[in-house]
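Here the structure comes first, spelled out in structure tokens, and everything after it is commentary.
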Amino acid sequence: MRALVTDADGPRLASERELPQLGASEALVRIEMAGLSSLDVACATGRIGHAGVIGHELVGVVEKLGERVSKSPLIGRRVVASPDIACGKCDLCRKGLSVHCRDRRVIGLRGHDGSLAERIVVPVRNLFEVPAGIKPEMAVLASAVADAVHVAHLVPVEKMTYVTVLGDGAGAILVAQVLAKRNASVRLVGAREERFGLCERWQIRHRHISEPGLRADQDVVVVCLEPETGPSLSGPDAVRTALGMLRPRGTLVLQGPPVPVEGLDMSLSAHLERVIHDELRVLGARSGRIAEGLEAIASGLVDLAPLITRRARLEDGVAMLRAAASPEQIRTIVDIAA
Ligand SMILES: [Zn+2]
């Protein structure tokens, strides 16, 4: 099969990669579309220590089931996959905390082949059927939407006066969309003015990070750490800015990628004094529940079409990585079958 792979030699399109072996509890999925985000680009360029097929988002059709899951009703169905693969054996998995599995693999990012390929095998428990009303190019973003919905669960913003989302990548824009539906005063603070037009389209308040007058008055600041955002919106600089915006006893939410990314320094140590002095709450946010992502798409909670700025085909190979990394692109969707 064809697949976009990366390893020590860098990214390339492999045209004769062997089909993946189907495990007893897994499904073989024929991939229709894959998402290509800044995280996948970072992975392809070696900023994440993953070797194999890249791509962590997919929509596809279940072609074959392993012997232990042969009765699954998902055969022949269109599905999306939760990227986090839990081991099912460690102490945390046995306690029902598989989201924090000690031996977690992540599709296309750590220890498991990704979605920029014609086929993938995924544990059946990671798969969710796509409701008939959701187009495949929207469903492919279900896990990104789920991560944004997860932030809304962590911080009930409905009754708060001042809420800021710091960042202007696709993740931050999705978080701002979801939170603004719950509280119209939510604003996005970003560094790329060309993205503010999207905020206006959804009536989300916005301001540029360099504007003066960022007072320490925010109830909640959500920092969305994404590989494509510049230094002012990633790592220690973003955390320092966020802490400077918070009122005493305010809440800092750090939303980050599911695996460490080189160059995305998420250390907090330089700023802990402010956390102690002003009794701030610090919450971490990572992966949401993909079923909730599908639900949010189906109900119209999020508007995804304007975020898809580019379509590519698998045979575009490494050229699609370069194109996806250009600043005007928000999200690229890759047609695998085309
Ligand atoms: Zn585990």
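Following the order of the structure tokens, chains are lettered A, B, ..., residues in each are numbered from 1, and ligands are numbered from 1.
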Which neighbours of segment 239-243 of chain A fall inside 8 Å, counting only C-alpha atoms, when residues of the same chain fewer than 4 positions from it are skipped, and could you give them as a PDB file with N, CA and C atoms, in the first residue's frame?
ATOM      1  N   LEU A 166      -5.731  31.809  24.626  1.00  0.00           N
ATOM      2  CA  LEU A 166      -4.475  32.343  24.105  1.00  0.00           C
ATOM      3  C   LEU A 166      -3.928  31.377  23.049  1.00  0.00           C
ATOM      4  N   ALA A 216      -4.298  42.094  34.741  1.00  0.00           N
ATOM      5  CA  ALA A 216      -4.426  40.832  35.472  1.00  0.00           C
ATOM      6  C   ALA A 216      -5.846  40.719  36.018  1.00  0.00           C
ATOM      7  N   VAL A 221      -7.668  31.655  31.778  1.00  0.00           N
ATOM      8  CA  VAL A 221      -6.917  31.766  30.525  1.00  0.00           C
ATOM      9  C   VAL A 221      -6.574  30.350  30.066  1.00  0.00           C
ATOM     10  N   VAL A 222      -7.014  30.020  28.852  1.00  0.00           N
ATOM     11  CA  VAL A 222      -6.687  28.719  28.261  1.00  0.00           C
ATOM     12  C   VAL A 222      -5.528  28.936  27.291  1.00  0.00           C
ATOM     13  N   VAL A 223      -4.405  28.288  27.551  1.00  0.00           N
ATOM     14  CA  VAL A 223      -3.266  28.369  26.630  1.00  0.00           C
ATOM     15  C   VAL A 223      -3.270  27.118  25.759  1.00  0.00           C
ATOM     16  N   SER A 234       3.650  30.024  22.279  1.00  0.00           N
ATOM     17  CA  SER A 234       3.984  28.647  22.634  1.00  0.00           C
ATOM     18  C   SER A 234       5.036  28.630  23.737  1.00  0.00           C
ATOM     19  N   GLY A 235       4.961  27.637  24.577  1.00  0.00           N
ATOM     20  CA  GLY A 235       5.981  27.446  25.596  1.00  0.00           C
ATOM     21  C   GLY A 235       5.978  28.504  26.677  1.00  0.00           C
ATOM     22  N   LEU A 252      -5.585  28.759  35.193  1.00  0.00           N
ATOM     23  CA  LEU A 252      -4.800  28.606  33.968  1.00  0.00           C
ATOM     24  C   LEU A 252      -5.044  27.202  33.434  1.00  0.00           C
ATOM     25  N   LEU A 268       7.063  25.002  33.356  1.00  0.00           N
ATOM     26  CA  LEU A 268       6.369  26.053  34.110  1.00  0.00           C
ATOM     27  C   LEU A 268       7.246  26.629  35.205  1.00  0.00           C
ATOM     28  N   HIS A 271       7.770  30.195  36.482  1.00  0.00           N
ATOM     29  CA  HIS A 271       6.615  31.032  36.800  1.00  0.00           C
ATOM     30  C   HIS A 271       5.828  30.564  38.015  1.00  0.00           C
ATOM     31  N   ARG A 274       4.289  32.999  40.863  1.00  0.00           N
ATOM     32  CA  ARG A 274       2.989  33.652  40.653  1.00  0.00           C
ATOM     33  C   ARG A 274       1.834  32.689  40.982  1.00  0.00           C
ATOM     34  N   VAL A 275       2.008  31.425  40.639  1.00  0.00           N
ATOM     35  CA  VAL A 275       0.975  30.423  40.938  1.00  0.00           C
ATOM     36  C   VAL A 275       0.751  30.345  42.443  1.00  0.00           C
TER      37      VAL A 275
END
Could you build a table of the residues in segment 253-327 of chain A lying no more than 7 Å from segment 141-161 of chain A, giving for each the nearest pair of atoms and their separation in Å rounded to one decimal place, using only C-alpha atoms, ordered by chain and ascending residue number, as a tab-separated table?
residue	atom	partner	partner_atom	distance
A:Ala285	CA	A:Val151	CA	6.4
A:Arg286	CA	A:Asp147	CA	6.5
A:Ser287	CA	A:Asp147	CA	5.0
A:Gly288	CA	A:Asp147	CA	4.2
A:Arg289	CA	A:Ala146	CA	5.5
A:Ile290	CA	A:Ser143	CA	5.2
A:Glu292	CA	A:Ala146	CA	5.8
A:Gly293	CA	A:Ala146	CA	3.9
A:Leu294	CA	A:Ala142	CA	5.4
For segment 74-77 of chain A, please output as number ranges by chain all residues within 6 Å (counting only C-alpha atoms; exclusion window: fewer than 2 positions along the same chain). A: 61-63, 72
Keeping only all heavy atoms, write those residues as an mmCIF file, in the first residue's frame.
data_model
loop_
_atom_site.group_PDB
_atom_site.id
_atom_site.type_symbol
_atom_site.label_atom_id
_atom_site.label_comp_id
_atom_site.auth_asym_id
_atom_site.auth_seq_id
_atom_site.Cartn_x
_atom_site.Cartn_y
_atom_site.Cartn_z
ATOM 1 N N VAL A 61 -13.504 3.127 6.371
ATOM 2 C CA VAL A 61 -14.526 2.076 6.424
ATOM 3 C C VAL A 61 -13.880 0.788 6.948
ATOM 4 O O VAL A 61 -12.795 0.403 6.495
ATOM 5 C CB VAL A 61 -15.132 1.843 5.022
ATOM 6 C CG1 VAL A 61 -16.107 0.666 5.044
ATOM 7 C CG2 VAL A 61 -15.836 3.110 4.540
ATOM 8 N N VAL A 62 -14.557 0.138 7.906
ATOM 9 C CA VAL A 62 -14.028 -1.102 8.486
ATOM 10 C C VAL A 62 -14.167 -2.228 7.464
ATOM 11 O O VAL A 62 -15.260 -2.560 7.018
ATOM 12 C CB VAL A 62 -14.779 -1.458 9.790
ATOM 13 C CG1 VAL A 62 -14.297 -2.817 10.322
ATOM 14 C CG2 VAL A 62 -14.568 -0.377 10.837
ATOM 15 N N GLU A 63 -13.017 -2.822 7.102
ATOM 16 C CA GLU A 63 -13.003 -3.868 6.071
ATOM 17 C C GLU A 63 -12.950 -5.271 6.655
ATOM 18 O O GLU A 63 -13.451 -6.219 6.053
ATOM 19 C CB GLU A 63 -11.758 -3.686 5.186
ATOM 20 C CG GLU A 63 -12.002 -2.835 3.979
ATOM 21 C CD GLU A 63 -10.823 -2.876 3.017
ATOM 22 O OE1 GLU A 63 -9.719 -3.339 3.377
ATOM 23 O OE2 GLU A 63 -11.009 -2.421 1.900
ATOM 24 N N SER A 72 -18.373 -7.624 15.903
ATOM 25 C CA SER A 72 -18.607 -6.177 16.014
ATOM 26 C C SER A 72 -19.531 -5.678 14.911
ATOM 27 O O SER A 72 -19.347 -6.015 13.731
ATOM 28 C CB SER A 72 -17.270 -5.420 15.945
ATOM 29 O OG SER A 72 -17.518 -4.045 15.737
#
Return as a PyMOL selection string the full set of residues in segment 103-219 of chain A whose backbone-based DSSP assignment is strand (DSSP E or B). chain A and resi 105-107+110-112+117+119-123+127-129+163-166+187-190+205-208+218-219
For N, CA, C and O atoms, I'd like the residues from the last selection saved as a short mmCIF file (atom, residue, chain, number, x, y, z; two decimals), in the first residue's frame.
data_model
loop_
_atom_site.label_atom_id
_atom_site.label_comp_id
_atom_site.auth_asym_id
_atom_site.auth_seq_id
_atom_site.Cartn_x
_atom_site.Cartn_y
_atom_site.Cartn_z
N ARG A 105 0.00 4.32 23.48
CA ARG A 105 0.50 4.61 22.14
C ARG A 105 -0.45 5.62 21.51
O ARG A 105 -1.59 5.75 21.96
N VAL A 106 0.03 6.35 20.53
CA VAL A 106 -0.82 7.33 19.87
C VAL A 106 -0.71 7.14 18.36
O VAL A 106 0.40 7.11 17.81
N ILE A 107 -1.84 6.99 17.72
CA ILE A 107 -1.87 6.76 16.27
C ILE A 107 -1.04 7.84 15.55
O ILE A 107 -1.25 9.03 15.73
N ARG A 110 3.12 8.07 18.21
CA ARG A 110 3.99 7.32 19.13
C ARG A 110 3.62 5.83 19.10
O ARG A 110 2.54 5.43 19.52
N GLY A 111 4.53 5.03 18.55
CA GLY A 111 4.42 3.57 18.67
C GLY A 111 3.30 2.90 17.88
O GLY A 111 3.05 1.71 18.09
N HIS A 112 2.61 3.63 17.02
CA HIS A 112 1.54 3.01 16.21
C HIS A 112 1.47 3.74 14.87
O HIS A 112 1.46 4.97 14.85
N ALA A 117 -2.13 6.72 4.99
CA ALA A 117 -1.87 5.42 4.35
C ALA A 117 -3.20 4.89 3.84
O ALA A 117 -4.26 5.37 4.24
N ARG A 119 -4.39 1.83 4.36
CA ARG A 119 -5.01 0.98 5.39
C ARG A 119 -4.35 1.24 6.73
O ARG A 119 -3.18 1.64 6.80
N ILE A 120 -5.11 0.94 7.80
CA ILE A 120 -4.56 1.01 9.16
C ILE A 120 -5.24 -0.07 9.99
O ILE A 120 -6.39 -0.44 9.69
N VAL A 121 -4.56 -0.59 10.99
CA VAL A 121 -5.26 -1.43 11.97
C VAL A 121 -5.36 -0.65 13.27
O VAL A 121 -4.41 0.02 13.68
N VAL A 122 -6.53 -0.71 13.90
CA VAL A 122 -6.82 0.03 15.12
C VAL A 122 -7.65 -0.88 16.03
O VAL A 122 -8.52 -1.61 15.53
N PRO A 123 -7.39 -0.86 17.36
CA PRO A 123 -8.26 -1.64 18.25
C PRO A 123 -9.73 -1.23 18.04
O PRO A 123 -10.01 -0.04 17.92
N LEU A 127 -12.72 2.73 17.87
CA LEU A 127 -13.48 3.17 16.69
C LEU A 127 -14.89 3.62 17.05
O LEU A 127 -15.55 3.04 17.92
N PHE A 128 -15.36 4.64 16.35
CA PHE A 128 -16.71 5.18 16.57
C PHE A 128 -17.36 5.39 15.22
O PHE A 128 -16.77 5.99 14.32
N GLU A 129 -18.59 4.91 15.09
CA GLU A 129 -19.29 5.04 13.82
C GLU A 129 -19.64 6.51 13.57
O GLU A 129 -20.06 7.23 14.48
N VAL A 163 -12.84 35.55 30.17
CA VAL A 163 -12.23 34.29 29.75
C VAL A 163 -11.42 34.54 28.47
O VAL A 163 -11.94 35.13 27.51
N THR A 164 -10.17 34.13 28.48
CA THR A 164 -9.30 34.31 27.30
C THR A 164 -8.81 32.97 26.80
O THR A 164 -8.43 32.10 27.59
N VAL A 165 -8.83 32.81 25.48
CA VAL A 165 -8.14 31.68 24.85
C VAL A 165 -6.90 32.27 24.20
O VAL A 165 -6.99 33.17 23.35
N LEU A 166 -5.73 31.81 24.63
CA LEU A 166 -4.48 32.34 24.11
C LEU A 166 -3.93 31.38 23.05
O LEU A 166 -3.59 30.24 23.36
N ARG A 187 -12.94 35.67 24.67
CA ARG A 187 -12.16 36.29 23.59
C ARG A 187 -10.94 35.43 23.26
O ARG A 187 -10.46 34.65 24.09
N LEU A 188 -10.46 35.62 22.03
CA LEU A 188 -9.25 34.95 21.59
C LEU A 188 -8.14 35.99 21.49
O LEU A 188 -8.34 37.07 20.93
N VAL A 189 -6.98 35.69 22.07
CA VAL A 189 -5.82 36.57 21.93
C VAL A 189 -4.79 35.82 21.09
O VAL A 189 -4.34 34.74 21.46
N GLY A 190 -4.48 36.38 19.92
CA GLY A 190 -3.57 35.70 19.00
C GLY A 190 -2.56 36.65 18.41
O GLY A 190 -2.55 37.85 18.71
N ARG A 205 -14.97 37.56 20.23
CA ARG A 205 -14.13 38.74 20.46
C ARG A 205 -12.67 38.34 20.31
O ARG A 205 -12.29 37.19 20.56
N HIS A 206 -11.83 39.30 19.91
CA HIS A 206 -10.43 38.96 19.69
C HIS A 206 -9.57 40.20 19.89
O HIS A 206 -10.05 41.34 19.82
N ARG A 207 -8.31 39.98 20.17
CA ARG A 207 -7.34 41.08 20.19
C ARG A 207 -5.96 40.53 19.91
O ARG A 207 -5.71 39.33 20.06
N HIS A 208 -5.07 41.44 19.49
CA HIS A 208 -3.71 41.03 19.17
C HIS A 208 -2.88 40.99 20.45
O HIS A 208 -3.05 41.83 21.33
N GLN A 218 -8.33 38.33 34.31
CA GLN A 218 -9.07 37.22 33.71
C GLN A 218 -9.38 36.12 34.73
O GLN A 218 -8.53 35.74 35.54
N ASP A 219 -10.60 35.60 34.64
CA ASP A 219 -10.99 34.47 35.51
C ASP A 219 -10.31 33.18 35.02
O ASP A 219 -9.88 32.35 35.82
#
Looking at only C-alpha atoms and all ligand atoms, which of A:Leu283, A:Leu198, A:Ala338, A:Cys87 is the one that sits closest to ligand 1? A:Cys87
Residues up to 12 Å from ligand 1, counting only C-alpha atoms and all ligand atoms: could you list those as a PyMOL selection string? chain A and resi 84-105
Could you check which of A:Val124, A:Glu328, A:Leu280, A:Val69 is closest to Glu193 of chain A, using only C-alpha atoms? A:Glu328
When distances are computed from only C-alpha atoms, which of A:Val41, A:Ala270, A:Ile48, A:Cys199 shows the smallest separation from Leu109 of chain A? A:Ile48
What's the separation between atom CA of Ser38 of chain A and atom CA of Pro227 of chain A, in Å to one decimal place?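 One can read the atom CA of Ser38 of chain A to atom CA of Pro227 of chain A distance as 5.9 Å.
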